[in-house]
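Shown next: protein-v3.cif, containing mmCIF, C-alpha atoms.
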```cif
data_my_file
loop_
_atom_site.label_atom_id
_atom_site.label_comp_id
_atom_site.auth_asym_id
_atom_site.auth_seq_id
_atom_site.Cartn_x
_atom_site.Cartn_y
_atom_site.Cartn_z
CA MET P 221 94.27 13.25 120.01
CA LYS P 222 97.20 10.91 120.06
CA HIS P 223 100.18 12.09 118.02
CA ARG P 224 101.74 9.07 116.45
CA GLY P 225 105.35 8.34 115.51
CA ARG P 226 106.63 10.31 112.58
CA HIS P 227 108.10 7.49 110.55
CA ARG P 228 105.44 4.85 111.09
CA ARG P 229 103.59 5.59 107.86
CA ARG P 230 106.43 6.76 105.64
CA ARG P 231 106.21 3.68 103.43
CA ARG P 232 102.52 4.24 102.86
CA GLY P 233 103.27 7.88 102.06
CA ARG P 234 105.71 6.84 99.33
CA VAL P 235 103.07 4.64 97.72
CA LEU P 236 100.59 7.53 97.77
CA ARG P 237 103.15 9.89 96.28
CA GLY P 238 103.70 7.46 93.42
CA THR P 239 99.97 7.27 92.77
CA LEU P 240 99.65 11.04 92.67
CA ALA P 241 102.59 11.39 90.30
CA GLY P 242 100.98 8.88 87.92
CA THR P 243 97.65 10.73 87.84
CA ALA P 244 98.94 14.29 87.44
CA LEU P 245 96.40 16.71 85.97
CA ALA P 246 97.07 18.30 82.59
CA LEU P 247 96.96 21.79 84.00
CA THR P 248 99.89 23.45 82.29
CA ALA P 249 97.78 24.17 79.23
CA ALA P 250 95.78 26.65 81.30
CA ALA P 251 98.81 28.92 81.67
CA THR P 252 99.60 31.61 79.11
CA LEU P 253 103.05 32.37 77.72
CA ILE P 254 105.36 34.23 80.09
CA SER P 255 106.93 37.40 78.73
CA ALA P 256 110.69 37.71 78.45
CA SER P 257 110.56 40.88 80.55
CA GLN P 258 109.82 38.96 83.75
CA ALA P 259 112.25 37.61 86.35
CA THR P 260 115.44 36.13 84.90
CA VAL P 261 118.68 34.77 86.25
CA ALA P 262 119.90 38.31 86.85
CA ASP P 263 117.28 38.75 89.58
CA ALA P 264 118.52 35.85 91.73
CA PRO P 265 118.55 36.90 95.40
CA GLY P 266 121.69 34.95 96.27
CA ALA P 267 122.37 33.13 99.53
CA LEU P 268 120.60 33.55 102.85
CA LYS P 269 122.53 35.65 105.34
CA PRO P 270 122.45 34.22 108.91
CA LEU P 271 121.58 36.72 111.63
CA SER P 272 121.99 36.50 115.37
CA ALA P 273 118.63 35.37 116.78
CA SER P 274 119.43 36.87 120.20
CA THR P 275 120.45 40.40 119.27
CA GLY P 276 119.90 43.06 116.65
CA ALA P 277 117.75 42.60 113.55
CA GLY P 278 117.39 38.86 114.07
CA ARG P 279 115.82 39.08 117.53
CA LEU P 280 112.01 38.94 117.57
CA PRO P 281 110.62 37.67 120.90
CA LEU P 282 106.91 36.83 121.02
CA THR P 283 105.14 37.15 124.37
CA GLU P 284 102.42 34.59 125.03
CA GLN P 285 99.13 35.93 126.40
CA ARG P 286 96.37 33.50 127.40
CA VAL P 287 92.66 34.27 127.26
CA PRO P 288 91.50 33.58 130.85
CA GLY P 289 90.04 30.10 131.16
CA ARG P 290 86.97 31.46 132.98
CA TRP P 291 86.18 33.60 129.91
CA LEU P 292 86.21 30.54 127.65
CA ASP P 293 84.19 28.51 130.13
CA ARG P 294 81.59 31.27 130.45
CA LEU P 295 81.30 31.51 126.67
CA ALA P 296 80.86 27.74 126.38
CA SER P 297 78.23 27.72 129.12
CA GLU P 298 76.25 30.34 127.21
CA MET P 299 76.71 28.93 123.69
CA GLY P 300 76.67 25.22 124.47
CA ARG P 301 79.29 22.52 124.72
CA PRO P 302 82.18 23.07 122.25
CA VAL P 303 82.67 20.60 119.39
CA GLY P 304 85.82 19.38 117.63
CA ALA P 305 87.02 19.61 114.05
CA GLY P 306 85.55 16.17 113.30
CA THR P 307 82.02 17.42 114.02
CA VAL P 308 82.56 20.42 111.75
CA LEU P 309 83.78 18.18 108.93
CA ASP P 310 80.89 15.75 109.33
CA GLY P 311 78.59 18.65 108.52
CA ALA P 312 80.48 19.83 105.41
CA ASP P 313 77.72 20.99 103.05
CA ARG P 314 79.57 22.54 100.09
CA THR P 315 81.69 21.01 97.32
CA LEU P 316 84.90 22.24 95.72
CA ARG P 317 85.01 21.88 91.94
CA ASN P 318 87.73 19.78 90.36
CA ALA P 319 90.10 21.62 88.02
CA ASN P 320 88.33 20.53 84.83
CA GLY P 321 85.19 22.29 86.07
CA CYS P 322 86.95 25.55 87.02
CA PRO P 323 86.94 28.69 84.83
CA SER P 324 89.94 29.12 82.53
CA ALA P 325 90.65 32.52 84.05
CA GLU P 326 91.02 30.89 87.46
CA LYS P 327 93.23 28.07 86.14
CA HIS P 328 95.55 30.61 84.54
CA SER P 329 96.86 31.39 88.03
CA LEU P 330 98.18 27.83 88.55
CA PRO P 331 101.95 27.16 88.47
CA VAL P 332 103.55 26.75 85.05
CA GLU P 333 106.65 24.77 86.05
CA PRO P 334 106.40 22.44 87.84
CA ALA P 335 102.69 21.93 87.19
CA ALA P 336 100.07 21.18 89.84
CA THR P 337 99.03 17.55 90.11
CA ARG P 338 95.79 18.36 91.93
CA ALA P 339 93.69 21.51 91.76
CA TYR P 340 90.25 22.63 92.89
CA CYS P 341 88.33 25.88 92.93
CA PHE P 342 85.90 27.53 95.33
CA GLY P 343 82.63 28.83 93.94
CA GLY P 344 81.85 32.50 93.75
CA ALA P 345 78.72 32.53 95.88
CA ASP P 346 80.40 32.15 99.28
CA THR P 347 83.76 33.73 98.41
CA ARG P 348 82.61 36.84 96.52
CA GLY P 349 83.93 39.84 98.41
CA TRP P 350 86.43 37.68 100.32
CA ARG P 351 90.18 37.63 99.79
CA PRO P 352 91.96 34.21 99.79
CA GLY P 353 94.80 33.77 102.24
CA ALA P 354 96.70 31.03 104.01
CA VAL P 355 96.53 27.23 103.77
CA THR P 356 97.39 24.48 106.28
CA THR P 357 96.45 20.79 106.48
CA SER P 358 96.10 17.80 108.77
CA GLY P 359 99.57 16.93 107.48
CA ASP P 360 100.72 19.78 109.72
CA ALA P 361 98.41 18.81 112.56
CA ASP P 362 99.49 15.18 112.94
CA ASP P 363 102.39 13.29 111.40
CA ASP P 364 100.18 10.51 110.02
CA GLY P 365 98.42 13.13 107.88
CA ARG P 366 94.99 12.69 109.49
CA TRP P 367 92.94 14.32 112.18
CA GLY P 368 90.96 11.45 113.62
CA ARG P 369 89.52 9.71 110.58
CA HIS P 370 89.74 12.75 108.32
CA ARG P 371 92.26 14.16 105.88
CA VAL P 372 91.72 17.88 106.16
CA ILE P 373 92.68 21.13 104.41
CA LEU P 374 92.08 24.52 106.02
CA SER P 375 91.77 27.52 103.71
CA GLY P 376 91.74 31.03 105.20
CA TRP P 377 89.81 34.01 103.76
CA THR P 378 89.41 37.67 104.72
CA ARG P 379 86.45 39.93 104.03
CA GLY P 380 87.33 42.69 101.53
CA GLY P 381 90.90 43.79 100.95
CA GLY P 382 91.04 43.70 97.15
CA GLY P 383 92.98 40.50 96.53
CA GLY P 384 95.35 41.60 93.77
CA SER P 385 98.86 40.13 93.82
CA LEU P 386 100.43 43.59 94.00
CA ASP P 387 98.74 44.56 97.27
CA GLY P 388 100.56 44.26 100.57
CA PRO P 389 99.40 41.74 103.13
CA ASP P 390 97.16 44.33 104.83
CA PRO P 391 95.65 46.70 102.23
CA GLU P 392 92.31 46.69 104.05
CA ARG P 393 90.93 44.97 107.11
CA GLY P 394 87.95 42.66 107.39
CA LEU P 395 86.51 39.61 109.11
CA ALA P 396 88.40 36.31 108.82
CA LYS P 397 86.95 32.86 108.19
CA VAL P 398 88.33 29.39 107.52
CA ALA P 399 87.03 26.70 105.18
CA PHE P 400 87.21 23.25 106.81
CA VAL P 401 87.74 20.96 103.80
CA ASP P 402 87.11 17.20 104.08
CA ALA P 403 89.77 15.76 101.75
CA ASN P 404 89.13 12.05 102.38
CA ASP P 405 87.93 11.61 98.78
CA PRO P 406 90.38 13.38 96.41
CA GLY P 407 87.70 13.36 93.71
CA ARG P 408 85.12 15.16 95.84
CA LEU P 409 86.31 17.68 98.39
CA ARG P 410 83.57 18.99 100.69
CA TYR P 411 83.77 21.96 103.06
CA THR P 412 82.01 24.28 105.48
CA TRP P 413 82.95 27.61 107.08
CA ALA P 414 83.93 28.76 110.57
CA LEU P 415 84.44 32.38 111.63
CA LEU P 416 87.51 33.35 113.68
CA ALA P 417 86.68 35.41 116.75
CA VAL P 418 88.11 36.90 119.95
CA PRO P 419 86.29 36.64 123.33
CA VAL P 420 85.36 39.98 124.95
CA ASP P 421 83.52 41.23 128.03
CA GLY P 422 84.82 38.48 130.28
CA GLY P 423 83.59 35.76 127.90
CA ARG P 424 80.03 37.10 127.73
CA ASP P 425 80.45 37.89 124.03
CA TYR P 426 82.91 37.71 121.13
CA ARG P 427 83.96 39.91 118.23
CA GLY P 428 85.28 38.92 114.84
CA LEU P 429 89.02 38.71 114.24
CA VAL P 430 89.69 41.70 111.99
CA SER P 431 92.79 40.78 110.05
CA PRO P 432 93.99 39.26 106.77
CA LEU P 433 94.95 35.58 107.08
CA SER P 434 98.30 35.74 105.31
CA GLY P 435 99.80 32.88 107.40
CA MET P 436 98.31 29.88 109.18
CA VAL P 437 99.62 26.68 110.83
CA TRP P 438 97.57 23.85 112.35
CA TYR P 439 99.83 21.99 114.78
CA GLN P 440 98.46 19.28 117.08
CA ASP P 441 95.23 20.71 118.53
CA LYS P 442 96.04 24.39 117.90
CA LEU P 443 95.58 26.70 114.92
CA LEU P 444 98.01 29.64 114.79
CA VAL P 445 97.20 32.54 112.43
CA THR P 446 99.09 35.72 111.63
CA THR P 447 97.36 38.97 112.48
CA ARG P 448 97.79 42.70 112.08
CA GLU P 449 94.90 43.71 114.34
CA GLY P 450 96.99 46.10 116.40
CA ASP P 451 100.51 47.41 116.76
CA ARG P 452 101.68 44.47 118.86
CA ASP P 453 99.67 41.52 117.57
CA ALA P 454 101.66 38.77 115.81
CA LEU P 455 99.75 35.49 116.11
CA TYR P 456 96.37 34.41 117.43
CA VAL P 457 95.85 30.87 118.72
CA TYR P 458 92.69 28.75 118.35
CA ASP P 459 91.84 25.40 119.94
CA MET P 460 90.52 22.85 117.42
CA ASP P 461 88.63 21.08 120.22
CA ARG P 462 86.90 24.30 121.30
CA ILE P 463 84.71 25.22 118.31
CA GLN P 464 81.31 26.75 119.05
CA ARG P 465 78.09 26.46 117.04
CA ALA P 466 76.35 29.62 115.83
CA THR P 467 72.61 29.51 116.52
CA VAL P 468 71.36 32.52 114.52
CA ASP P 469 71.93 33.01 110.77
CA SER P 470 72.58 36.73 110.33
CA ASP P 471 75.26 39.22 109.28
CA ALA P 472 75.93 40.11 112.91
CA VAL P 473 78.87 38.79 114.93
CA GLY P 474 78.49 37.75 118.57
CA ARG P 475 75.52 37.74 120.92
CA VAL P 476 72.25 38.72 119.21
CA ARG P 477 68.58 38.46 120.07
CA GLY P 478 67.74 34.79 120.19
CA GLY P 479 71.30 33.44 120.39
CA TRP P 480 74.68 33.77 118.71
CA SER P 481 75.65 34.81 115.19
CA ALA P 482 78.85 34.33 113.16
CA TYR P 483 78.22 36.44 110.05
CA GLY P 484 76.19 33.69 108.41
CA ASN P 485 78.66 30.92 109.22
CA ARG P 486 77.66 27.77 111.08
CA TYR P 487 80.64 27.69 113.44
CA VAL P 488 82.89 30.11 115.29
CA LEU P 489 86.35 29.63 116.83
CA PRO P 490 87.06 31.84 119.86
CA ALA P 491 90.77 32.62 120.37
CA ILE P 492 92.39 31.01 123.40
CA ALA P 493 95.72 32.89 123.30
CA SER P 494 97.87 35.30 121.31
CA TYR P 495 101.55 36.19 120.84
CA ALA P 496 102.51 39.85 121.11
CA LEU P 497 105.44 41.64 119.51
CA PRO P 498 107.88 43.91 121.31
CA GLY P 499 107.46 47.62 120.73
CA GLY P 500 104.95 49.22 118.38
CA ARG P 501 104.51 49.86 114.69
CA ASP P 502 108.21 49.58 113.97
CA ALA P 503 108.37 45.94 115.10
CA PRO P 504 108.41 43.53 112.13
CA HIS P 505 105.22 41.54 111.71
CA PRO P 506 105.42 37.88 110.64
CA ALA P 507 103.28 37.84 107.48
CA ALA P 508 103.78 34.22 106.39
CA VAL P 509 104.27 31.12 108.55
CA SER P 510 104.53 27.36 108.07
CA LEU P 511 105.48 24.19 109.94
CA ASP P 512 108.81 22.38 109.61
CA ARG P 513 108.72 18.73 110.74
CA SER P 514 112.32 18.09 109.64
CA THR P 515 113.71 19.75 112.79
CA SER P 516 113.84 18.46 116.35
CA PRO P 517 111.68 19.68 117.94
CA ASP P 518 109.22 20.60 115.21
CA SER P 519 109.37 24.29 114.47
CA LEU P 520 107.38 27.21 113.13
CA VAL P 521 109.06 29.41 110.52
CA ALA P 522 108.01 32.96 109.70
CA SER P 523 108.74 35.62 107.10
CA GLU P 524 107.99 39.32 107.17
CA TRP P 525 106.61 41.20 104.17
CA VAL P 526 108.87 43.79 102.52
CA PRO P 527 107.63 45.49 99.32
CA ALA P 528 109.54 44.99 96.08
CA ASP P 529 110.66 48.63 96.15
CA GLY P 530 111.60 48.49 99.84
CA ASP P 531 114.97 49.73 101.06
CA ARG P 532 115.80 46.74 103.28
CA ARG P 533 115.99 42.97 103.13
CA THR P 534 113.37 40.45 104.24
CA ARG P 535 113.94 38.65 107.55
CA LEU P 536 113.10 35.02 108.33
CA TRP P 537 112.74 33.43 111.77
CA ARG P 538 112.42 29.95 113.25
CA TYR P 539 110.68 29.20 116.57
CA ALA P 540 110.72 25.87 118.40
CA LEU P 541 107.35 24.30 119.24
CA SER P 542 106.78 23.03 122.75
CA ARG P 543 107.29 19.38 123.64
CA GLU P 544 105.34 19.71 126.90
CA PRO P 545 102.07 17.72 126.82
CA ALA P 546 100.30 20.49 128.72
CA ARG P 547 101.37 22.98 126.01
CA SER P 548 100.44 21.01 122.91
CA GLY P 549 100.48 23.09 119.76
CA LEU P 550 102.07 26.15 121.39
CA LEU P 551 105.49 27.74 120.95
CA ALA P 552 108.26 26.84 123.38
CA THR P 553 108.60 29.69 125.87
CA ALA P 554 110.95 30.67 128.67
CA SER P 555 109.74 31.28 132.23
CA SER P 556 109.10 34.88 131.16
CA GLY P 557 106.43 33.66 128.75
CA ARG P 558 108.46 34.77 125.74
CA ALA P 559 109.19 32.64 122.69
CA GLU P 560 112.60 33.55 121.28
CA PRO P 561 113.64 32.64 117.72
CA VAL P 562 116.24 29.90 117.49
CA GLU P 563 117.38 30.93 114.00
CA ALA P 564 117.17 34.08 111.92
CA TYR P 565 118.17 34.95 108.36
CA GLU P 566 118.07 37.80 105.91
CA THR P 567 117.22 37.45 102.21
CA LYS P 568 117.19 39.76 99.20
CA THR P 569 113.90 38.19 98.10
CA ALA P 570 111.17 40.82 98.47
CA ASP P 571 107.35 40.67 98.37
CA VAL P 572 107.38 37.22 99.99
CA ARG P 573 103.85 35.78 100.33
CA GLY P 574 104.70 32.25 101.43
CA VAL P 575 107.56 30.64 103.35
CA LEU P 576 108.49 26.99 103.86
CA SER P 577 111.53 25.37 105.44
CA TYR P 578 112.33 21.69 105.01
CA ARG P 579 115.67 20.03 105.71
CA SER P 580 118.40 22.34 104.43
CA GLY P 581 116.30 24.56 102.17
CA TRP P 582 113.98 27.53 102.49
CA TYR P 583 111.29 27.99 99.85
CA LEU P 584 110.11 31.58 99.34
CA ASP P 585 107.05 32.42 97.29
CA ARG P 586 107.52 35.82 95.65
CA ALA P 587 104.51 37.60 94.15
CA ALA P 588 104.27 38.50 90.47
CA GLY P 589 105.68 41.84 89.41
CA THR P 590 102.75 42.64 87.11
CA SER P 591 99.00 42.24 87.33
CA GLY P 592 97.98 38.91 85.77
CA GLY P 593 101.58 37.63 85.80
CA HIS P 594 103.11 34.69 87.64
CA GLY P 595 105.24 34.65 90.75
CA THR P 596 108.56 32.96 91.49
CA LEU P 597 109.27 30.13 93.93
CA TRP P 598 112.86 30.49 95.14
CA ARG P 599 114.74 27.80 97.01
CA GLN P 600 117.46 29.38 99.14
CA ASP P 601 120.07 28.30 101.63
CA THR P 602 123.31 29.79 102.92
CA LYS P 603 125.07 28.81 99.68
CA GLY P 604 122.79 30.32 97.05
CA ALA P 605 119.35 30.47 95.43
CA ARG P 606 117.58 28.69 92.59
CA ALA P 607 114.19 28.87 90.89
CA THR P 608 112.64 26.84 88.11
CA GLU P 609 112.86 28.14 84.55
CA CYS P 610 109.89 27.98 82.19
CA ALA P 611 111.25 29.55 79.01
CA THR P 612 114.42 29.42 76.91
CA ASP P 613 115.31 32.95 78.06
CA GLU P 614 115.70 31.71 81.65
CA THR P 615 112.40 33.28 82.72
CA ARG P 616 111.69 32.29 86.32
CA HIS P 617 108.16 33.57 86.83
CA CYS P 618 106.86 30.00 86.81
CA TRP P 619 104.93 29.83 90.05
CA SER P 620 101.28 30.67 90.78
CA GLY P 621 99.74 33.92 89.64
CA ARG P 622 98.53 35.27 92.96
CA ALA P 623 101.14 33.91 95.30
CA GLY P 624 99.97 32.46 98.60
CA SER P 625 101.13 30.59 101.67
CA LEU P 626 102.95 27.24 101.49
CA SER P 627 102.22 24.07 103.48
CA TYR P 628 104.09 20.76 103.21
CA TRP P 629 102.14 17.54 103.84
CA GLU P 630 105.05 15.30 104.80
CA GLU P 631 103.08 12.03 104.79
CA THR P 632 102.14 12.42 101.10
CA GLY P 633 105.10 14.57 100.02
CA GLU P 634 102.75 17.26 98.69
CA LEU P 635 103.21 21.02 98.74
CA TRP P 636 99.86 22.82 99.11
CA SER P 637 99.11 26.44 98.26
CA GLN P 638 96.30 28.69 97.08
CA SER P 639 96.10 31.19 94.23
CA GLY P 640 92.90 33.17 94.00
CA ARG P 641 90.01 30.71 94.24
CA MET P 642 92.29 27.84 93.17
CA LEU P 643 93.51 25.41 95.84
CA PHE P 644 96.31 23.22 94.47
CA ALA P 645 99.00 20.67 95.32
CA LEU P 646 102.10 19.17 93.74
CA PRO P 647 104.92 16.94 95.01
CA LEU P 648 107.71 18.89 96.69
CA ALA P 649 110.00 16.40 94.92
CA SER P 650 108.86 17.85 91.58
CA VAL P 651 109.95 21.31 92.70
CA ASP P 652 113.37 20.01 93.72
CA LYS P 653 113.64 18.00 90.48
CA ALA P 654 112.91 21.12 88.47
CA LEU P 655 115.68 22.81 90.43
CA GLY P 656 118.08 20.03 89.48
CA ARG P 657 118.36 18.38 92.88
CA SER P 658 116.78 15.41 94.63
CA ALA P 659 114.29 15.97 97.48
CA GLU P 660 116.14 13.27 99.42
CA GLN P 661 119.42 15.17 99.46
#
```
Would you mind writing the file's structure down as structure tokens?
Amino acid sequence: MKHRGRHRRRRRGRVLRGTLAGTALALTAAATLISASQATVADAPGALKPLSASTGAGRLPLTEQRVPGRWLDRLASEMGRPVGAGTVLDGADRTLRNANGCPSAEKHSLPVEPAATRAYCFGGADTRGWRPGAVTTSGDADDDGRWGRHRVILSGWTRGGGGGSLDGPDPERGLAKVAFVDANDPGRLRYTWALLAVPVDGGRDYRGLVSPLSGMVWYQDKLLVTTREGDRDALYVYDMDRIQRATVDSDAVGRVRGGWSAYGNRYVLPAIASYALPGGRDAPHPAAVSLDRSTSPDSLVASEWVPADGDRRTRLWRYALSREPARSGLLATASSGRAEPVEAYETKTADVRGVLSYRSGWYLDRAAGTSGGHGTLWRQDTKGARATECATDETRHCWSGRAGSLSYWEETGELWSQSGRMLFALPLASVDKALGRSAEQ
């Protein structure tokens, strides 16, 4: 895949942004009134506090560990030649419903202010018993917004784990799968599923990744997902050109009589690498991640999860992505194989479920404080913090009901997220406008 120049299609992106703004959905009516007891100006977290990224609380090195190439080759020789994301998308056999066909209870979770301009919902048949998680797009993968001839959205889900907005990022563990959504036609989004797995037994078999997908970034040909599988796991890495077909439709995972099964899914992604944390349980785990294309080089940003009643502040990190062609999609590492953060911050915002950095601002998605309520989307920098207001009493619980990860599609100017079964987008410029500033500043 050739990664084209970042600015080549900016003009076309502006035209598309204008079209989207002119066809915004009337979704605000789905939201109920927000009570005056929710977050107000008094709860503002204030400015970000810079930390040293090389020492103390701001230091969080990630050690890269590759799955041996012979394991992956052995698995491919047994399962058949790997396919790419384009093949998966060509076989998309399910359809997302447009917002007007979604249940009112689902639409209630959409943002109040600013409102979503596009929204879709997954059906219950293939998501019942699964918890929604992270979102990333081909706007992350390539700067022209496409992967090959496709516009793509990836939506992560985890088996079990409740799903309420008050749960932590790891209330229960289960299998993880990703919906590959063909978004070429905005009026008819189609998708199919792929299970995330980890090779075992020298590549003779694989097991399911057992972790909630609270963070996910698709960059170039790699998909990076957050994990809490073990004490030291931070991120798993998947190759989007190394997707295997399942040959047996069953609830098993891995090698079975007659072939290979992926818990009823048609495709499976075997991990090709991981990034390990220093130390054990006390090491902070990145719970939310996203891509920032406004830096040079492009970077991955991460936030840990600290509960609302926690006794410490939330930390944020930035890691540079590699510019080496042989390391496409991976973090930049030293000769030791460690990726060190290049920036670190501390914030008073707690219960962060999504993080995004773009230009001078950090956007933090804080979960609702009550069941059925709405969350808050804070924009912070080293000077202060702001959030949109959606009531005369300065109520700031205006964001989605069940807060999720954030992904910015630079080519279209859209911010994508997921709340429950609702997948939605809105211009990042509308967020900044609601905050009283221009997205171009």
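Using all atoms listed in the file, the nearest neighbour of Ser620 (chain P) within the list P:Ser329, P:Thr446, P:Ser510, P:Ser375 is P:Ser329.
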Output check: residues returned by the PyMOL selection byres ((chain P and resi 416) around 9), as a PyMOL selection string: chain P and resi 395-398+414-415+417-418+427-430+458+482+487-491
Which of these, P:Asp364, P:Pro561, P:Trp377, P:Arg410, has the shortest distance to Thr347 (chain P) once you count only C-alpha atoms?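 Selected residue with least distance to Thr347 (chain P): P:Trp377.
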CA of Trp413 (chain P) to CA of Ala399 (chain P), straight-line distance in Å: 4.6 Å
Take CA of Asp652 (chain P) and CA of Ala607 (chain P) and report the distance between them in Å, one decimal. 9.3 Å
Rounded to one decimal, what separation in Å do you get between CA of Gly422 (chain P) and CA of Arg290 (chain P)? 7.8 Å
Reconstruct N, CA and C atoms of region 547-570 of chain P; output as a PDB file, keeping the file's coordinate frame.
```pdb
ATOM      1  N   ARG P 547     101.284  21.837 126.917  1.00  0.00           N
ATOM      2  CA  ARG P 547     101.370  22.980 126.010  1.00  0.00           C
ATOM      3  C   ARG P 547     101.311  22.522 124.555  1.00  0.00           C
ATOM      4  N   SER P 548     100.503  21.541 124.273  1.00  0.00           N
ATOM      5  CA  SER P 548     100.440  21.010 122.910  1.00  0.00           C
ATOM      6  C   SER P 548     100.038  22.095 121.922  1.00  0.00           C
ATOM      7  N   GLY P 549     100.780  22.156 120.821  1.00  0.00           N
ATOM      8  CA  GLY P 549     100.480  23.090 119.760  1.00  0.00           C
ATOM      9  C   GLY P 549     100.966  24.506 119.960  1.00  0.00           C
ATOM     10  N   LEU P 550     101.617  24.795 121.092  1.00  0.00           N
ATOM     11  CA  LEU P 550     102.070  26.150 121.390  1.00  0.00           C
ATOM     12  C   LEU P 550     103.581  26.266 121.177  1.00  0.00           C
ATOM     13  N   LEU P 551     104.057  27.499 121.076  1.00  0.00           N
ATOM     14  CA  LEU P 551     105.490  27.740 120.950  1.00  0.00           C
ATOM     15  C   LEU P 551     106.190  27.440 122.274  1.00  0.00           C
ATOM     16  N   ALA P 552     107.444  27.023 122.183  1.00  0.00           N
ATOM     17  CA  ALA P 552     108.260  26.840 123.380  1.00  0.00           C
ATOM     18  C   ALA P 552     108.601  28.217 123.952  1.00  0.00           C
ATOM     19  N   THR P 553     108.361  28.396 125.236  1.00  0.00           N
ATOM     20  CA  THR P 553     108.600  29.690 125.870  1.00  0.00           C
ATOM     21  C   THR P 553     109.502  29.539 127.084  1.00  0.00           C
ATOM     22  N   ALA P 554     110.161  30.621 127.439  1.00  0.00           N
ATOM     23  CA  ALA P 554     110.950  30.670 128.670  1.00  0.00           C
ATOM     24  C   ALA P 554     110.012  30.962 129.837  1.00  0.00           C
ATOM     25  N   SER P 555     110.560  31.005 131.044  1.00  0.00           N
ATOM     26  CA  SER P 555     109.740  31.280 132.230  1.00  0.00           C
ATOM     27  C   SER P 555     109.091  32.659 132.161  1.00  0.00           C
ATOM     28  N   SER P 556     109.656  33.534 131.340  1.00  0.00           N
ATOM     29  CA  SER P 556     109.100  34.880 131.160  1.00  0.00           C
ATOM     30  C   SER P 556     107.854  34.876 130.300  1.00  0.00           C
ATOM     31  N   GLY P 557     107.560  33.732 129.651  1.00  0.00           N
ATOM     32  CA  GLY P 557     106.430  33.660 128.750  1.00  0.00           C
ATOM     33  C   GLY P 557     106.752  34.108 127.339  1.00  0.00           C
ATOM     34  N   ARG P 558     108.049  34.338 127.082  1.00  0.00           N
ATOM     35  CA  ARG P 558     108.460  34.770 125.740  1.00  0.00           C
ATOM     36  C   ARG P 558     108.999  33.612 124.927  1.00  0.00           C
ATOM     37  N   ALA P 559     108.626  33.589 123.644  1.00  0.00           N
ATOM     38  CA  ALA P 559     109.190  32.640 122.690  1.00  0.00           C
ATOM     39  C   ALA P 559     110.259  33.376 121.881  1.00  0.00           C
ATOM     40  N   GLU P 560     111.485  32.932 121.998  1.00  0.00           N
ATOM     41  CA  GLU P 560     112.600  33.550 121.280  1.00  0.00           C
ATOM     42  C   GLU P 560     112.916  32.746 120.024  1.00  0.00           C
ATOM     43  N   PRO P 561     113.253  33.399 118.908  1.00  0.00           N
ATOM     44  CA  PRO P 561     113.640  32.640 117.720  1.00  0.00           C
ATOM     45  C   PRO P 561     114.933  31.869 117.965  1.00  0.00           C
ATOM     46  N   VAL P 562     115.028  30.696 117.361  1.00  0.00           N
ATOM     47  CA  VAL P 562     116.240  29.900 117.490  1.00  0.00           C
ATOM     48  C   VAL P 562     117.144  30.059 116.270  1.00  0.00           C
ATOM     49  N   GLU P 563     116.611  30.609 115.205  1.00  0.00           N
ATOM     50  CA  GLU P 563     117.380  30.930 114.000  1.00  0.00           C
ATOM     51  C   GLU P 563     116.798  32.178 113.368  1.00  0.00           C
ATOM     52  N   ALA P 564     117.639  32.915 112.660  1.00  0.00           N
ATOM     53  CA  ALA P 564     117.170  34.080 111.920  1.00  0.00           C
ATOM     54  C   ALA P 564     118.056  34.269 110.691  1.00  0.00           C
ATOM     55  N   TYR P 565     117.450  34.734 109.611  1.00  0.00           N
ATOM     56  CA  TYR P 565     118.170  34.950 108.360  1.00  0.00           C
ATOM     57  C   TYR P 565     117.664  36.229 107.704  1.00  0.00           C
ATOM     58  N   GLU P 566     118.429  36.660 106.727  1.00  0.00           N
ATOM     59  CA  GLU P 566     118.070  37.800 105.910  1.00  0.00           C
ATOM     60  C   GLU P 566     118.164  37.370 104.451  1.00  0.00           C
ATOM     61  N   THR P 567     117.215  37.808 103.625  1.00  0.00           N
ATOM     62  CA  THR P 567     117.220  37.450 102.210  1.00  0.00           C
ATOM     63  C   THR P 567     116.926  38.672 101.355  1.00  0.00           C
ATOM     64  N   LYS P 568     117.466  38.678 100.154  1.00  0.00           N
ATOM     65  CA  LYS P 568     117.190  39.760  99.200  1.00  0.00           C
ATOM     66  C   LYS P 568     115.839  39.577  98.514  1.00  0.00           C
ATOM     67  N   THR P 569     115.213  38.419  98.697  1.00  0.00           N
ATOM     68  CA  THR P 569     113.900  38.190  98.100  1.00  0.00           C
ATOM     69  C   THR P 569     112.881  39.116  98.755  1.00  0.00           C
ATOM     70  N   ALA P 570     112.171  39.893  97.957  1.00  0.00           N
ATOM     71  CA  ALA P 570     111.170  40.820  98.470  1.00  0.00           C
ATOM     72  C   ALA P 570     109.772  40.336  98.095  1.00  0.00           C
TER      73      ALA P 570
END
```
